[in-house]
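Undergrad: Below is the file input-v8.pdb, which contains PDB, C-alpha atoms, pLDDT in the B column.
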MODEL        1
ATOM      1  CA  MET A 143      42.441   4.004  23.649  1.00 43.00           C
ATOM      2  CA  GLU A 144      43.448   4.728  20.037  1.00 41.00           C
ATOM      3  CA  TRP A 145      39.840   4.214  18.906  1.00 41.00           C
ATOM      4  CA  ARG A 146      38.619   6.748  21.483  1.00 46.00           C
ATOM      5  CA  GLU A 147      41.201   9.306  20.395  1.00 46.00           C
ATOM      6  CA  GLY A 148      40.150   8.842  16.782  1.00 50.00           C
ATOM      7  CA  GLU A 149      36.516   9.383  17.695  1.00 49.00           C
ATOM      8  CA  GLU A 150      37.361  12.558  19.623  1.00 47.00           C
ATOM      9  CA  LYS A 151      39.222  13.952  16.611  1.00 52.00           C
ATOM     10  CA  ARG A 152      36.178  13.419  14.395  1.00 56.00           C
ATOM     11  CA  MET A 153      33.806  15.153  16.807  1.00 57.00           C
ATOM     12  CA  GLY A 154      32.546  18.550  15.744  1.00 54.00           C
ATOM     13  CA  LYS A 155      32.443  21.762  17.714  1.00 58.00           C
ATOM     14  CA  ASN A 156      29.160  20.719  19.343  1.00 58.00           C
ATOM     15  CA  GLY A 157      30.748  17.602  20.836  1.00 66.00           C
ATOM     16  CA  TYR A 158      28.852  15.124  18.604  1.00 71.00           C
ATOM     17  CA  LEU A 159      30.106  12.783  15.937  1.00 78.00           C
ATOM     18  CA  PRO A 160      29.259  13.996  12.405  1.00 81.00           C
ATOM     19  CA  LEU A 161      26.134  12.648  10.750  1.00 81.00           C
ATOM     20  CA  PHE A 162      27.903  12.243   7.405  1.00 83.00           C
ATOM     21  CA  GLU A 163      31.405  11.873   6.031  1.00 85.00           C
ATOM     22  CA  THR A 164      32.887  13.305   2.843  1.00 87.00           C
ATOM     23  CA  ARG A 165      35.745  11.403   1.222  1.00 87.00           C
ATOM     24  CA  PRO A 166      37.642  12.577  -1.875  1.00 86.00           C
ATOM     25  CA  ALA A 167      38.026  10.125  -4.719  1.00 85.00           C
ATOM     26  CA  ARG A 168      41.374   8.440  -5.290  1.00 85.00           C
ATOM     27  CA  GLY A 169      43.290   7.400  -8.375  1.00 83.00           C
ATOM     28  CA  LEU A 170      42.685  10.595 -10.359  1.00 85.00           C
ATOM     29  CA  VAL A 171      46.233  10.970 -11.703  1.00 88.00           C
ATOM     30  CA  PHE A 172      45.511   9.140 -14.958  1.00 89.00           C
ATOM     31  CA  PHE A 173      42.287  11.050 -15.592  1.00 88.00           C
ATOM     32  CA  ARG A 174      43.846  14.423 -14.823  1.00 89.00           C
ATOM     33  CA  SER A 175      46.843  13.648 -17.044  1.00 91.00           C
ATOM     34  CA  TYR A 176      44.490  12.670 -19.858  1.00 89.00           C
ATOM     35  CA  ALA A 177      42.425  15.855 -19.363  1.00 90.00           C
ATOM     36  CA  ALA A 178      45.577  17.992 -19.337  1.00 91.00           C
ATOM     37  CA  SER A 179      46.756  16.439 -22.627  1.00 91.00           C
ATOM     38  CA  ILE A 180      43.371  17.157 -24.237  1.00 90.00           C
ATOM     39  CA  PHE A 181      43.519  20.734 -22.948  1.00 90.00           C
ATOM     40  CA  ILE A 182      46.971  21.237 -24.505  1.00 92.00           C
ATOM     41  CA  GLY A 183      45.665  19.844 -27.791  1.00 90.00           C
ATOM     42  CA  ILE A 184      42.715  22.260 -27.707  1.00 89.00           C
ATOM     43  CA  CYS A 185      45.094  25.190 -27.122  1.00 90.00           C
ATOM     44  CA  PHE A 186      47.188  24.189 -30.162  1.00 89.00           C
ATOM     45  CA  ILE A 187      44.087  23.870 -32.339  1.00 86.00           C
ATOM     46  CA  CYS A 188      42.734  27.268 -31.265  1.00 86.00           C
ATOM     47  CA  PHE A 189      46.146  28.871 -31.852  1.00 87.00           C
ATOM     48  CA  HIS A 190      46.284  27.352 -35.322  1.00 84.00           C
ATOM     49  CA  ARG A 191      42.774  28.569 -36.189  1.00 83.00           C
ATOM     50  CA  VAL A 192      43.425  32.094 -35.000  1.00 82.00           C
ATOM     51  CA  SER A 193      46.849  32.406 -36.640  1.00 84.00           C
ATOM     52  CA  TYR A 194      45.741  30.992 -39.997  1.00 81.00           C
ATOM     53  CA  PHE A 195      42.747  32.562 -41.732  1.00 77.00           C
ATOM     54  CA  PRO A 196      42.199  31.270 -45.268  1.00 78.00           C
ATOM     55  CA  VAL A 197      41.487  33.617 -48.119  1.00 74.00           C
ATOM     56  CA  THR A 198      39.097  31.172 -49.767  1.00 77.00           C
ATOM     57  CA  GLU A 199      36.589  28.791 -48.209  1.00 77.00           C
ATOM     58  CA  ARG A 200      36.107  31.048 -45.236  1.00 79.00           C
ATOM     59  CA  TRP A 201      32.742  29.497 -44.313  1.00 84.00           C
ATOM     60  CA  VAL A 202      34.387  26.099 -44.000  1.00 83.00           C
ATOM     61  CA  TRP A 203      36.941  27.633 -41.634  1.00 83.00           C
ATOM     62  CA  VAL A 204      34.184  29.314 -39.604  1.00 85.00           C
ATOM     63  CA  GLY A 205      32.204  26.071 -39.374  1.00 86.00           C
ATOM     64  CA  MET A 206      35.233  24.082 -38.240  1.00 86.00           C
ATOM     65  CA  PHE A 207      36.191  26.752 -35.700  1.00 86.00           C
ATOM     66  CA  VAL A 208      32.663  26.908 -34.236  1.00 88.00           C
ATOM     67  CA  ALA A 209      32.568  23.092 -33.978  1.00 89.00           C
ATOM     68  CA  GLU A 210      35.920  23.077 -32.202  1.00 88.00           C
ATOM     69  CA  LEU A 211      34.796  25.807 -29.815  1.00 90.00           C
ATOM     70  CA  TRP A 212      31.672  23.790 -29.000  1.00 91.00           C
ATOM     71  CA  PHE A 213      33.755  20.677 -28.382  1.00 90.00           C
ATOM     72  CA  SER A 214      36.085  22.709 -26.135  1.00 89.00           C
ATOM     73  CA  PHE A 215      33.127  24.051 -24.133  1.00 91.00           C
ATOM     74  CA  TYR A 216      31.640  20.560 -23.733  1.00 91.00           C
ATOM     75  CA  PHE A 217      35.052  19.211 -22.690  1.00 90.00           C
ATOM     76  CA  PHE A 218      35.520  21.892 -20.016  1.00 91.00           C
ATOM     77  CA  ILE A 219      32.042  21.284 -18.568  1.00 91.00           C
ATOM     78  CA  THR A 220      32.694  17.540 -18.407  1.00 89.00           C
ATOM     79  CA  VAL A 221      36.109  17.933 -16.793  1.00 90.00           C
ATOM     80  CA  ILE A 222      34.869  20.417 -14.184  1.00 88.00           C
ATOM     81  CA  VAL A 223      32.311  17.892 -12.978  1.00 86.00           C
ATOM     82  CA  LYS A 224      34.806  15.006 -12.809  1.00 87.00           C
ATOM     83  CA  TRP A 225      37.966  16.864 -11.762  1.00 87.00           C
ATOM     84  CA  ASN A 226      37.531  16.486  -7.999  1.00 87.00           C
ATOM     85  CA  PRO A 227      34.701  14.044  -7.213  1.00 87.00           C
ATOM     86  CA  VAL A 228      33.779  13.231  -3.621  1.00 87.00           C
ATOM     87  CA  PHE A 229      31.785  10.461  -1.986  1.00 88.00           C
ATOM     88  CA  ARG A 230      29.464  11.074   0.942  1.00 87.00           C
ATOM     89  CA  SER A 231      28.239   8.446   3.388  1.00 86.00           C
ATOM     90  CA  THR A 232      25.717   8.983   6.160  1.00 83.00           C
ATOM     91  CA  PHE A 233      25.624   7.557   9.690  1.00 82.00           C
ATOM     92  CA  LYS A 234      21.979   7.078  10.574  1.00 74.00           C
ATOM     93  CA  ASP A 235      22.782   5.413  13.887  1.00 74.00           C
ATOM     94  CA  ARG A 236      24.373   8.633  15.198  1.00 76.00           C
ATOM     95  CA  LEU A 237      21.160  10.621  14.842  1.00 73.00           C
ATOM     96  CA  SER A 238      19.644   9.060  17.966  1.00 70.00           C
ATOM     97  CA  SER A 239      22.733   9.909  20.024  1.00 73.00           C
ATOM     98  CA  ARG A 240      22.533  13.577  19.025  1.00 73.00           C
ATOM     99  CA  TYR A 241      18.829  14.193  19.569  1.00 73.00           C
ATOM    100  CA  GLU A 242      16.425  12.993  22.195  1.00 74.00           C
ATOM    101  CA  GLU A 243      13.294  11.284  20.931  1.00 71.00           C
ATOM    102  CA  GLU A 244      11.090  14.201  21.933  1.00 75.00           C
ATOM    103  CA  GLU A 245      13.259  16.621  19.943  1.00 76.00           C
ATOM    104  CA  LEU A 246      12.763  14.793  16.672  1.00 78.00           C
ATOM    105  CA  PRO A 247      10.220  16.448  14.341  1.00 83.00           C
ATOM    106  CA  GLY A 248       7.018  14.856  13.196  1.00 86.00           C
ATOM    107  CA  VAL A 249       7.218  13.344   9.711  1.00 89.00           C
ATOM    108  CA  ASP A 250       4.343  12.888   7.238  1.00 92.00           C
ATOM    109  CA  ILE A 251       4.930  10.469   4.364  1.00 92.00           C
ATOM    110  CA  PHE A 252       2.607  10.223   1.366  1.00 91.00           C
ATOM    111  CA  VAL A 253       2.498   7.099  -0.794  1.00 90.00           C
ATOM    112  CA  CYS A 254       0.714   7.834  -4.075  1.00 88.00           C
ATOM    113  CA  THR A 255      -0.876   5.359  -6.467  1.00 87.00           C
ATOM    114  CA  ALA A 256      -3.360   5.654  -9.333  1.00 83.00           C
ATOM    115  CA  ASP A 257      -3.888   2.563 -11.478  1.00 81.00           C
ATOM    116  CA  PRO A 258      -4.082  -0.814  -9.694  1.00 81.00           C
ATOM    117  CA  ARG A 259      -3.245  -2.550 -12.980  1.00 83.00           C
ATOM    118  CA  LEU A 260       0.060  -0.715 -13.387  1.00 84.00           C
ATOM    119  CA  GLU A 261       0.765  -0.529  -9.652  1.00 84.00           C
ATOM    120  CA  PRO A 262      -0.443  -3.790  -8.081  1.00 86.00           C
ATOM    121  CA  PRO A 263      -1.968  -3.371  -4.608  1.00 86.00           C
ATOM    122  CA  THR A 264       0.540  -5.872  -3.199  1.00 86.00           C
ATOM    123  CA  MET A 265       3.400  -3.594  -4.254  1.00 89.00           C
ATOM    124  CA  VAL A 266       1.650  -0.502  -2.888  1.00 89.00           C
ATOM    125  CA  VAL A 267       0.881  -2.162   0.439  1.00 89.00           C
ATOM    126  CA  SER A 268       4.429  -3.479   0.700  1.00 90.00           C
ATOM    127  CA  THR A 269       5.686   0.079   0.232  1.00 90.00           C
ATOM    128  CA  VAL A 270       3.373   1.365   2.964  1.00 91.00           C
ATOM    129  CA  LEU A 271       4.530  -1.342   5.377  1.00 90.00           C
ATOM    130  CA  SER A 272       8.152  -0.583   4.539  1.00 90.00           C
ATOM    131  CA  VAL A 273       7.667   3.088   5.413  1.00 90.00           C
ATOM    132  CA  MET A 274       5.812   2.260   8.611  1.00 89.00           C
ATOM    133  CA  ALA A 275       8.749   0.097   9.731  1.00 88.00           C
ATOM    134  CA  TYR A 276      11.218   2.988   9.620  1.00 86.00           C
ATOM    135  CA  ASP A 277      13.512   3.295  12.620  1.00 81.00           C
ATOM    136  CA  TYR A 278      11.709   6.405  13.877  1.00 83.00           C
ATOM    137  CA  PRO A 279       9.437   7.107  16.855  1.00 83.00           C
ATOM    138  CA  PRO A 280       6.052   5.656  15.806  1.00 83.00           C
ATOM    139  CA  HIS A 281       4.048   8.457  17.417  1.00 86.00           C
ATOM    140  CA  LYS A 282       5.902  10.986  15.246  1.00 87.00           C
ATOM    141  CA  LEU A 283       5.502   9.138  11.968  1.00 88.00           C
ATOM    142  CA  SER A 284       2.316   9.423   9.887  1.00 90.00           C
ATOM    143  CA  VAL A 285       1.846   7.506   6.632  1.00 90.00           C
ATOM    144  CA  TYR A 286      -0.862   8.409   4.103  1.00 90.00           C
ATOM    145  CA  LEU A 287      -1.911   6.462   1.032  1.00 88.00           C
ATOM    146  CA  SER A 288      -3.307   8.594  -1.785  1.00 87.00           C
ATOM    147  CA  ASP A 289      -5.290   6.518  -4.277  1.00 84.00           C
ATOM    148  CA  ASP A 290      -6.280   8.752  -7.177  1.00 77.00           C
ATOM    149  CA  GLY A 291      -8.003   5.864  -8.907  1.00 67.00           C
ATOM    150  CA  CYS A 292     -10.263   5.142  -5.908  1.00 72.00           C
ATOM    151  CA  SER A 293      -9.821   1.411  -6.409  1.00 79.00           C
ATOM    152  CA  ASP A 294     -11.734  -0.883  -4.071  1.00 83.00           C
ATOM    153  CA  LEU A 295      -8.991  -3.462  -4.534  1.00 84.00           C
ATOM    154  CA  THR A 296      -6.378  -1.105  -3.108  1.00 85.00           C
ATOM    155  CA  PHE A 297      -8.667  -0.228  -0.213  1.00 85.00           C
ATOM    156  CA  TYR A 298      -9.264  -3.849   0.792  1.00 88.00           C
ATOM    157  CA  ALA A 299      -5.569  -4.685   0.333  1.00 86.00           C
ATOM    158  CA  LEU A 300      -4.687  -1.876   2.735  1.00 86.00           C
ATOM    159  CA  LEU A 301      -7.354  -3.089   5.134  1.00 87.00           C
ATOM    160  CA  GLU A 302      -5.783  -6.555   5.183  1.00 87.00           C
ATOM    161  CA  ALA A 303      -2.320  -5.026   5.545  1.00 86.00           C
ATOM    162  CA  SER A 304      -3.398  -3.175   8.689  1.00 86.00           C
ATOM    163  CA  GLY A 305      -3.811  -6.530  10.404  1.00 86.00           C
ATOM    164  CA  PHE A 306      -0.538  -7.882   9.035  1.00 87.00           C
ATOM    165  CA  ALA A 307       1.254  -4.733  10.244  1.00 87.00           C
ATOM    166  CA  GLN A 308       0.605  -5.772  13.857  1.00 87.00           C
ATOM    167  CA  LEU A 309       2.953  -8.714  13.247  1.00 85.00           C
ATOM    168  CA  TRP A 310       5.334  -7.217  10.709  1.00 86.00           C
ATOM    169  CA  LEU A 311       6.284  -4.013  12.527  1.00 86.00           C
ATOM    170  CA  PRO A 312       7.284  -5.687  15.838  1.00 85.00           C
ATOM    171  CA  PHE A 313       9.166  -8.306  13.799  1.00 84.00           C
ATOM    172  CA  CYS A 314      11.170  -5.570  12.023  1.00 82.00           C
ATOM    173  CA  ARG A 315      11.962  -3.630  15.175  1.00 82.00           C
ATOM    174  CA  LYS A 316      12.895  -6.652  17.240  1.00 80.00           C
ATOM    175  CA  LEU A 317      15.162  -8.312  14.678  1.00 77.00           C
ATOM    176  CA  LYS A 318      16.386  -5.173  12.853  1.00 80.00           C
ATOM    177  CA  VAL A 319      15.047  -6.444   9.548  1.00 80.00           C
ATOM    178  CA  GLU A 320      16.508  -5.016   6.328  1.00 82.00           C
ATOM    179  CA  PRO A 321      14.928  -4.339   3.895  1.00 84.00           C
ATOM    180  CA  THR A 322      11.700  -3.463   5.676  1.00 85.00           C
ATOM    181  CA  SER A 323       9.507  -4.163   2.659  1.00 85.00           C
ATOM    182  CA  PRO A 324       7.883  -7.608   3.126  1.00 84.00           C
ATOM    183  CA  GLU A 325       8.023  -8.369  -0.581  1.00 84.00           C
ATOM    184  CA  ALA A 326      11.689  -7.439  -0.925  1.00 84.00           C
ATOM    185  CA  TYR A 327      12.635  -9.103   2.358  1.00 82.00           C
ATOM    186  CA  PHE A 328      11.236 -12.533   1.534  1.00 81.00           C
ATOM    187  CA  GLN A 329      12.666 -12.388  -2.000  1.00 82.00           C
ATOM    188  CA  THR A 330      16.215 -11.603  -0.892  1.00 81.00           C
ATOM    189  CA  THR A 331      16.494 -13.191   2.556  1.00 75.00           C
ATOM    190  CA  PRO A 332      16.726 -16.983   2.797  1.00 76.00           C
ATOM    191  CA  GLU A 333      15.114 -18.852   5.641  1.00 71.00           C
ATOM    192  CA  PRO A 334      17.446 -18.822   8.682  1.00 70.00           C
ATOM    193  CA  VAL A 335      18.371 -22.387   9.571  1.00 67.00           C
ATOM    194  CA  ASP A 336      21.006 -21.782  12.248  1.00 72.00           C
ATOM    195  CA  ASP A 337      18.732 -19.877  14.648  1.00 69.00           C
ATOM    196  CA  ALA A 338      15.615 -21.824  15.667  1.00 72.00           C
ATOM    197  CA  PHE A 339      13.890 -18.777  17.171  1.00 71.00           C
ATOM    198  CA  MET A 340      14.549 -16.658  14.104  1.00 71.00           C
ATOM    199  CA  ALA A 341      13.421 -19.484  11.811  1.00 72.00           C
ATOM    200  CA  ASN A 342      10.147 -19.828  13.713  1.00 75.00           C
ATOM    201  CA  GLU A 343       9.471 -16.077  13.611  1.00 74.00           C
ATOM    202  CA  TRP A 344      10.404 -15.978   9.925  1.00 73.00           C
ATOM    203  CA  LEU A 345       8.005 -18.818   9.097  1.00 75.00           C
ATOM    204  CA  ILE A 346       5.108 -17.296  11.044  1.00 74.00           C
ATOM    205  CA  ILE A 347       5.431 -13.975   9.290  1.00 74.00           C
ATOM    206  CA  LYS A 348       5.770 -15.536   5.854  1.00 72.00           C
ATOM    207  CA  VAL A 349       2.784 -17.838   6.302  1.00 69.00           C
ATOM    208  CA  THR A 350       0.688 -14.937   7.587  1.00 66.00           C
TER     209      THR A 350
ENDMDL
END
Show how you would write the structure in this file as C-alpha cells.
TA:
Amino acid sequence: MEWREGEEKRMGKNGYLPLFETRPARGLVFFRSYAASIFIGICFICFHRVSYFPVTERWVWVGMFVAELWFSFYFFITVIVKWNPVFRSTFKDRLSSRYEEEELPGVDIFVCTADPRLEPPTMVVSTVLSVMAYDYPPHKLSVYLSDDGCSDLTFYALLEASGFAQLWLPFCRKLKVEPTSPEAYFQTTPEPVDDAFMANEWLIIKVT
C-alpha cells in the first residue's frame, strides 16, 4: 500500500511515471564553506589593490591586479558549475508502459568505419549486432553500416554476422542479455554453471 502511494506521488500530470529522475548532490557543506572562504579572500585582495596604488612600479601593480582578476574570474566560473550539481538517472523500462509499440518512431542507426586495420571487422560487426539487439520493435529499427574504405574483409565479416544474428538476437531477447555486444558479453560474463539450460544456450552461441 505504501509502495503504491509512493508511485502515485511520483506520477506526472499525464498519469505516467517519469522517464527520468533528477537528484541533487549531497555533502556540499564543506565545498561551499571552502568556496565562501576563497571568495572572502578575493574580496580582501581586491580591496587592498584598489585602496593602495603605488607611486613607483605601477606596471608591477597592474600586472598583479590583472592576474588576480583573471584568477577571480576562473574561480567564479568553476564554482558556478560545481555549486549545485545534480545527478540524472533514466528509467528505460517505463517507456514501454507510456507508449504503445505502434506509437514509437522509426529509428535509423548508422555505424561508420573506414580502415579495417584500425577498426577490426570483428569489432565493427560486434557493434552492429549490439545495436540490432536493442530492446526496440525490430520492424522500426534499421541499422546501416557505412564502410568508407570499401574493404572486402568488412563485407564478408558482415555477411557471416548476418547468419550469426539469427541465433544471437533471439538469445538476447529471450534471456535479457547485457551487454548486447557479443565480444563484450563473452569477455565479461562467465559461463553459467547453476542453470543447465542457460549453460547450454551460452555454449551454443559461443561455439557458433
Undergrad: Within 8 Å of A:Thr232, counting all atoms listed in the file, which residues show up once you throw out same-chain ones fewer than 3 positions away? Write them as a list in words, please.
TA: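 Within the cut-off, the hits are Leu161, Phe162 and Glu163 of chain A.
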Undergrad: Go through the shown structure with the PyMOL selection byres ((chain A and resi 341-347) around 12) and write out the matching residues as a PyMOL selection string.
TA: chain A and resi 305-314+316-317+319+324-325+327-328+331-340+348-350
Undergrad: Nearest residue to A:Val270 out of A:Ala167, A:Ala256, A:Cys292, A:Ala303, using all atoms listed in the file?
TA: A:Ala303
Undergrad: How would you write, as a ChimeraX atom specification, the residues chosen by the PyMOL selection byres ((chain A and resi 239-247) around 12) on this structure?
TA: /A:153-154,156-161,233-238,248-250,277-284
Undergrad: From the set A:Val228, A:Arg191, A:Glu199, A:Ala209, which residue has the shortest atom-to-atom contact distance to A:Thr164, counting all atoms listed in the file?
TA: A:Val228
Undergrad: Could you tell me how far atom CA of A:Phe213 lies from atom CA of A:Pro166, in Å and to one decimal?
TA: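 A separation of 28.0 Å between them.
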Undergrad: Between atom CA of A:Ala177 and atom CA of A:Val221, measure the distance and give it in Å to one decimal.
TA: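 The value is 7.1 Å.
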Undergrad: Kindly write N, CA, C and O atoms of stretch 213-233 of chain A from the structure just given to a file, as an mmCIF file, in the first residue's frame.
TA:
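That gives us result08.cif:
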data_model
loop_
_atom_site.group_PDB
_atom_site.id
_atom_site.type_symbol
_atom_site.label_atom_id
_atom_site.label_comp_id
_atom_site.auth_asym_id
_atom_site.auth_seq_id
_atom_site.Cartn_x
_atom_site.Cartn_y
_atom_site.Cartn_z
ATOM 1 N N PHE A 213 42.344 35.203 -12.027
ATOM 2 C CA PHE A 213 42.130 34.098 -11.094
ATOM 3 C C PHE A 213 40.713 34.159 -10.516
ATOM 4 O O PHE A 213 40.051 33.135 -10.364
ATOM 5 N N SER A 214 40.260 35.380 -10.165
ATOM 6 C CA SER A 214 38.915 35.527 -9.603
ATOM 7 C C SER A 214 37.856 35.082 -10.614
ATOM 8 O O SER A 214 36.894 34.390 -10.261
ATOM 9 N N PHE A 215 38.030 35.474 -11.874
ATOM 10 C CA PHE A 215 37.075 35.077 -12.916
ATOM 11 C C PHE A 215 37.057 33.560 -13.085
ATOM 12 O O PHE A 215 35.979 32.938 -13.152
ATOM 13 N N TYR A 216 38.234 32.951 -13.138
ATOM 14 C CA TYR A 216 38.317 31.487 -13.272
ATOM 15 C C TYR A 216 37.678 30.802 -12.058
ATOM 16 O O TYR A 216 36.976 29.787 -12.196
ATOM 17 N N PHE A 217 37.903 31.353 -10.876
ATOM 18 C CA PHE A 217 37.324 30.769 -9.661
ATOM 19 C C PHE A 217 35.804 30.824 -9.698
ATOM 20 O O PHE A 217 35.126 29.848 -9.374
ATOM 21 N N PHE A 218 35.239 31.959 -10.108
ATOM 22 C CA PHE A 218 33.781 32.095 -10.158
ATOM 23 C C PHE A 218 33.170 31.137 -11.171
ATOM 24 O O PHE A 218 32.132 30.518 -10.907
ATOM 25 N N ILE A 219 33.806 30.984 -12.335
ATOM 26 C CA ILE A 219 33.288 30.049 -13.341
ATOM 27 C C ILE A 219 33.302 28.623 -12.813
ATOM 28 O O ILE A 219 32.346 27.850 -12.994
ATOM 29 N N THR A 220 34.382 28.254 -12.121
ATOM 30 C CA THR A 220 34.487 26.899 -11.577
ATOM 31 C C THR A 220 33.454 26.645 -10.483
ATOM 32 O O THR A 220 32.824 25.576 -10.434
ATOM 33 N N VAL A 221 33.250 27.626 -9.628
ATOM 34 C CA VAL A 221 32.300 27.455 -8.523
ATOM 35 C C VAL A 221 30.871 27.397 -9.028
ATOM 36 O O VAL A 221 30.045 26.621 -8.516
ATOM 37 N N ILE A 222 30.544 28.195 -10.036
ATOM 38 C CA ILE A 222 29.179 28.191 -10.580
ATOM 39 C C ILE A 222 28.804 26.808 -11.093
ATOM 40 O O ILE A 222 27.685 26.325 -10.903
ATOM 41 N N VAL A 223 29.762 26.149 -11.733
ATOM 42 C CA VAL A 223 29.495 24.821 -12.288
ATOM 43 C C VAL A 223 29.305 23.787 -11.180
ATOM 44 O O VAL A 223 28.476 22.876 -11.287
ATOM 45 N N LYS A 224 30.050 23.911 -10.087
ATOM 46 C CA LYS A 224 30.044 22.896 -9.036
ATOM 47 C C LYS A 224 29.187 23.264 -7.825
ATOM 48 O O LYS A 224 29.118 22.485 -6.881
ATOM 49 N N TRP A 225 28.560 24.440 -7.849
ATOM 50 C CA TRP A 225 27.844 24.896 -6.650
ATOM 51 C C TRP A 225 26.634 24.034 -6.332
ATOM 52 O O TRP A 225 26.372 23.716 -5.171
ATOM 53 N N ASN A 226 25.879 23.650 -7.340
ATOM 54 C CA ASN A 226 24.655 22.871 -7.113
ATOM 55 C C ASN A 226 24.535 21.749 -8.146
ATOM 56 O O ASN A 226 23.645 21.760 -9.001
ATOM 57 N N PRO A 227 25.414 20.758 -8.099
ATOM 58 C CA PRO A 227 25.365 19.678 -9.087
ATOM 59 C C PRO A 227 24.170 18.764 -8.862
ATOM 60 O O PRO A 227 23.686 18.611 -7.734
ATOM 61 N N VAL A 228 23.697 18.165 -9.939
ATOM 62 C CA VAL A 228 22.581 17.220 -9.871
ATOM 63 C C VAL A 228 22.957 15.962 -10.650
ATOM 64 O O VAL A 228 23.828 15.984 -11.520
ATOM 65 N N PHE A 229 22.309 14.887 -10.311
ATOM 66 C CA PHE A 229 22.509 13.605 -10.987
ATOM 67 C C PHE A 229 21.175 13.167 -11.578
ATOM 68 O O PHE A 229 20.144 13.217 -10.895
ATOM 69 N N ARG A 230 21.226 12.734 -12.827
ATOM 70 C CA ARG A 230 20.007 12.298 -13.510
ATOM 71 C C ARG A 230 20.121 10.824 -13.883
ATOM 72 O O ARG A 230 21.142 10.394 -14.410
ATOM 73 N N SER A 231 19.083 10.085 -13.617
ATOM 74 C CA SER A 231 19.016 8.666 -13.973
ATOM 75 C C SER A 231 17.743 8.422 -14.765
ATOM 76 O O SER A 231 16.693 8.995 -14.465
ATOM 77 N N THR A 232 17.857 7.596 -15.779
ATOM 78 C CA THR A 232 16.718 7.306 -16.658
ATOM 79 C C THR A 232 16.102 5.960 -16.311
ATOM 80 O O THR A 232 16.753 5.083 -15.733
ATOM 81 N N PHE A 233 14.829 5.799 -16.679
ATOM 82 C CA PHE A 233 14.089 4.558 -16.464
ATOM 83 C C PHE A 233 13.595 4.074 -17.822
ATOM 84 O O PHE A 233 12.493 4.431 -18.264
#
